[in-house]
Amino acid sequence: MTSIPIEQLGELTTVSSRSAVIHEGVEVRLIEGLEPDTEHEIDGVSFRTLPEPGPLLSTFATVNDVHIGEEVCGLIEGSDTGPVFASLPGEPPYPDTMNEAAVAEILALDPDAVVVKGDLTNAGTDAEVDRFLEVYAPLADRMTWIRGNHESYNGSQRGAEPFQQVVLPGVVLAVLDTSVDGSESGHVTAEQLDRLDALAADADRPVVVLGHHHPWNPSAEERPDHYFGINPDASEALVAVVARRPAIVAYLAGHTHRNRVRHFEATGSVPWVEVACVKDYPGAWAEYRVHEGGILQVFRRISSPEALAWTEQTRQMFAGLYGSYALGSIDDRCFVIPVERSVSA
């Protein structure tokens, strides 16, 4: 059988253990009833489903880069690279459209916990944070949230919780505020790292760390004075904690508005993950399935008709380069977090 190029079929957006999702413009095709850990070819699209490593113990979901209050999408200060997009007169604000749809999809999943990894707002105002909490109110009973640089840069202390812990069957989530007042860049303090180190030293189950900012790679050839993510000194200290504590199995971030997985020499199989934003293309949240022998990340593109109409426009941002940057590869979106390093419960 001759395979049909994937660009003629749409995007293979999501692969889980028993299903796959293909997006073609605003059309969504859900393929269900698949066998786990198996090669499949459906209408010329080839992919391998994720495994199911032991019994399912719990689930959680994450979102990041919510940007309630933003009015124009695609602007970069000091640059005229376009195109830019905004909601049309009479339409609801696009951050509301995207986030309300994300909340509805997460509610349908009914996870045990939800973590919002920062950039709740556009300008960090109390009114914007209040609106964020209003939109996410249906998830409030299971939600943990932290601020991002859009809050800290503008002086907001709401969500400035240095260290929060969420204990679930099969995993403990350590949620860090990585934001710095008056800055877009990130940091983790010695006190935060001491708490993380102590938690991981005593953990009886895998530990997943979550923060808004992504770390600098300690093996990078250049050591910048100013880094968009966690500054080099703090990144090295964070990586050192992860390297010496096998209970820590992953670090999950947002901030870059892209899907990407990196591995650092010092931490081996531990994925350092970035997940795309809610507010524009691809318009995303992430599902995590905690199995006894591994944790599955399953990327979810927000798929209400209104959300897809908006994100199909915004994939053209930054001279048409944004789409490939933000989506990443299927291996950056859907994968297994190994827990072999960790202490079994």
# chains A, B, ... in the order shown; residues from 1 in each chain; ligands from 1
>>> select_by_dssp(residues="stretch 117-337 of chain A", states="strand (DSSP E)", output="PyMOL selection string")
chain A and resi 117+143-146+163-168+171-176+207-210+248-253+260-262+272-274+284-291+294-301+335-337
>>> write_last_selection(atoms="C-alpha atoms", output="CSV table (one decimal), in the first residue's frame")
chain,number,residue,atom,x,y,z
A,117,LYS,CA,1.7,26.5,35.2
A,143,MET,CA,-6.6,23.0,40.9
A,144,THR,CA,-3.2,24.2,42.0
A,145,TRP,CA,-1.9,27.3,40.3
A,146,ILE,CA,1.2,29.5,40.2
A,163,PHE,CA,6.5,25.4,46.8
A,164,GLN,CA,3.2,23.5,46.6
A,165,GLN,CA,2.8,19.7,46.9
A,166,VAL,CA,0.0,17.6,45.5
A,167,VAL,CA,0.0,13.9,46.5
A,168,LEU,CA,-1.8,11.5,44.2
A,171,VAL,CA,2.9,10.3,42.0
A,172,VAL,CA,3.6,13.4,44.0
A,173,LEU,CA,3.6,16.8,42.2
A,174,ALA,CA,6.0,19.5,43.3
A,175,VAL,CA,4.9,22.9,42.0
A,176,LEU,CA,7.4,25.7,42.0
A,207,VAL,CA,8.1,13.0,41.9
A,208,VAL,CA,7.1,15.2,39.0
A,209,VAL,CA,8.3,18.8,39.3
A,210,LEU,CA,6.3,21.6,37.6
A,248,ILE,CA,12.3,12.8,40.5
A,249,VAL,CA,11.3,11.6,37.0
A,250,ALA,CA,10.3,14.7,35.1
A,251,TYR,CA,10.2,18.5,35.0
A,252,LEU,CA,7.2,20.1,33.2
A,253,ALA,CA,7.2,23.7,32.1
A,260,ARG,CA,9.6,20.3,23.3
A,261,VAL,CA,11.4,17.6,25.2
A,262,ARG,CA,15.0,17.8,26.2
A,272,TRP,CA,12.6,18.3,30.6
A,273,VAL,CA,9.3,19.2,29.0
A,274,GLU,CA,7.7,22.3,27.6
A,284,ALA,CA,-3.3,23.0,24.1
A,285,TRP,CA,-3.4,21.2,27.4
A,286,ALA,CA,-1.7,18.0,28.5
A,287,GLU,CA,-3.1,14.9,30.1
A,288,TYR,CA,-1.0,12.7,32.3
A,289,ARG,CA,-1.9,9.1,33.0
A,290,VAL,CA,0.0,7.7,36.0
A,291,HIS,CA,0.6,4.0,35.6
A,294,GLY,CA,5.4,4.8,33.8
A,295,ILE,CA,3.6,8.1,33.3
A,296,LEU,CA,2.1,8.9,29.9
A,297,GLN,CA,2.0,12.5,28.6
A,298,VAL,CA,-0.9,12.8,26.1
A,299,PHE,CA,-1.0,16.1,24.3
A,300,ARG,CA,-4.5,17.5,23.7
A,301,ARG,CA,-5.3,20.2,21.1
A,335,PHE,CA,5.5,9.9,25.2
A,336,VAL,CA,6.2,7.8,28.3
A,337,ILE,CA,8.0,9.3,31.3
>>> residues_around(residues="A:Val278", least_positions_apart="2", cutoff="12 Å", atoms="only C-alpha atoms", output="PyMOL selection string")
chain A and resi 62-68+94-103+116-121+254-259+275-276+280-286+299-303+307-308+310-311+314+326
>>> atom_distance(atom1="atom CA of A:Thr81", atom2="atom CA of A:Met317")
8.3 Å
>>> residues_around(residues="A:His263", least_positions_apart="5", cutoff="9 Å", atoms="only C-alpha atoms", output="mmCIF file with N, CA, C and O atoms, in the first residue's frame")
data_model
loop_
_atom_site.group_PDB
_atom_site.id
_atom_site.type_symbol
_atom_site.label_atom_id
_atom_site.label_comp_id
_atom_site.auth_asym_id
_atom_site.auth_seq_id
_atom_site.Cartn_x
_atom_site.Cartn_y
_atom_site.Cartn_z
ATOM 1 N N ASN A 217 20.189 24.588 29.659
ATOM 2 C CA ASN A 217 20.901 23.316 29.558
ATOM 3 C C ASN A 217 22.337 23.491 30.068
ATOM 4 O O ASN A 217 23.117 24.234 29.471
ATOM 5 N N GLY A 268 20.088 11.926 32.542
ATOM 6 C CA GLY A 268 19.762 10.728 31.775
ATOM 7 C C GLY A 268 18.390 10.729 31.151
ATOM 8 O O GLY A 268 18.060 11.571 30.315
ATOM 9 N N SER A 269 17.555 9.785 31.574
ATOM 10 C CA SER A 269 16.248 9.580 30.946
ATOM 11 C C SER A 269 15.187 10.582 31.377
ATOM 12 O O SER A 269 14.076 10.578 30.849
ATOM 13 N N VAL A 270 15.499 11.458 32.326
ATOM 14 C CA VAL A 270 14.501 12.419 32.817
ATOM 15 C C VAL A 270 14.152 13.410 31.710
ATOM 16 O O VAL A 270 15.027 14.110 31.197
ATOM 17 N N PRO A 271 12.877 13.525 31.320
ATOM 18 C CA PRO A 271 12.500 14.522 30.315
ATOM 19 C C PRO A 271 12.287 15.897 30.941
ATOM 20 O O PRO A 271 11.650 16.028 31.980
ATOM 21 N N TRP A 272 12.842 16.903 30.284
ATOM 22 C CA TRP A 272 12.617 18.307 30.643
ATOM 23 C C TRP A 272 11.665 18.852 29.578
ATOM 24 O O TRP A 272 12.050 19.074 28.446
ATOM 25 N N VAL A 273 10.424 19.038 29.962
ATOM 26 C CA VAL A 273 9.307 19.153 29.023
ATOM 27 C C VAL A 273 8.790 20.586 28.976
ATOM 28 O O VAL A 273 8.697 21.260 30.011
#
>>> select_by_dssp(residues="stretch 18-164 of chain A", states="alpha helix (DSSP H)", output="ChimeraX atom specification")
/A:94-109,126-135,149-152
>>> closest_residue(among="A:Val28, A:Ala61, A:Val115, A:Leu88", to="A:Thr13", atoms="only C-alpha atoms")
A:Val28
>>> atom_distance(atom1="atom CA of A:Pro206", atom2="atom CA of A:Ala20")
27.0 Å
>>> residues_around(residues="A:Val241", least_positions_apart="6", cutoff="8 Å", atoms="only C-alpha atoms", output="count of residues only")
3
>>> residues_around(residues="A:Val72", least_positions_apart="2", cutoff="7 Å", atoms="only C-alpha atoms", output="list in words")
Glu70, Gly74, Leu75, Val84, Phe85 and Ala86 of chain A
>>> write_last_selection(atoms="N, CA and C atoms", output="JSON list (two decimals), in the first residue's frame")
[["chain", "number", "residue", "atom", "x", "y", "z"],
["A", 70, "GLU", "N", -5.44, 39.33, 27.24],
["A", 70, "GLU", "CA", -4.70, 39.68, 26.01],
["A", 70, "GLU", "C", -5.69, 40.02, 24.90],
["A", 74, "GLY", "N", 0.43, 37.77, 18.60],
["A", 74, "GLY", "CA", 1.49, 37.77, 17.61],
["A", 74, "GLY", "C", 2.38, 38.99, 17.64],
["A", 75, "LEU", "N", 2.18, 39.86, 18.62],
["A", 75, "LEU", "CA", 3.01, 41.06, 18.74],
["A", 75, "LEU", "C", 4.32, 40.73, 19.43],
["A", 84, "VAL", "N", -0.58, 39.65, 12.80],
["A", 84, "VAL", "CA", -1.14, 39.64, 14.14],
["A", 84, "VAL", "C", -2.64, 39.41, 14.05],
["A", 85, "PHE", "N", -3.23, 38.96, 15.14],
["A", 85, "PHE", "CA", -4.64, 38.58, 15.13],
["A", 85, "PHE", "C", -5.33, 39.10, 16.38],
["A", 86, "ALA", "N", -6.62, 39.38, 16.25],
["A", 86, "ALA", "CA", -7.44, 39.82, 17.37],
["A", 86, "ALA", "C", -8.86, 39.31, 17.16]]
>>> closest_residue(among="A:Gly293, A:His40, A:Glu32, A:His212", to="A:Leu56", atoms="only C-alpha atoms")
A:Gly293
>>> residues_around(residues="stretch 150-157 of chain A", least_positions_apart="5", cutoff="10 Å", atoms="only C-alpha atoms", output="list of chain:residue names")
A:Asp65, A:His67, A:Gly118, A:Asp119, A:Leu120, A:Thr121, A:Asn122, A:Ala123, A:Gly124, A:Thr125, A:Asp126, A:Glu128, A:Val129, A:Asp177, A:Thr178, A:Ser179, A:Val180, A:Asp181, A:Gly182, A:Ser183, A:Glu184, A:Ser185, A:Gly186, A:His255
>>> atom_distance(atom1="atom CA of A:Leu133", atom2="atom CA of A:Phe228")
26.8 Å
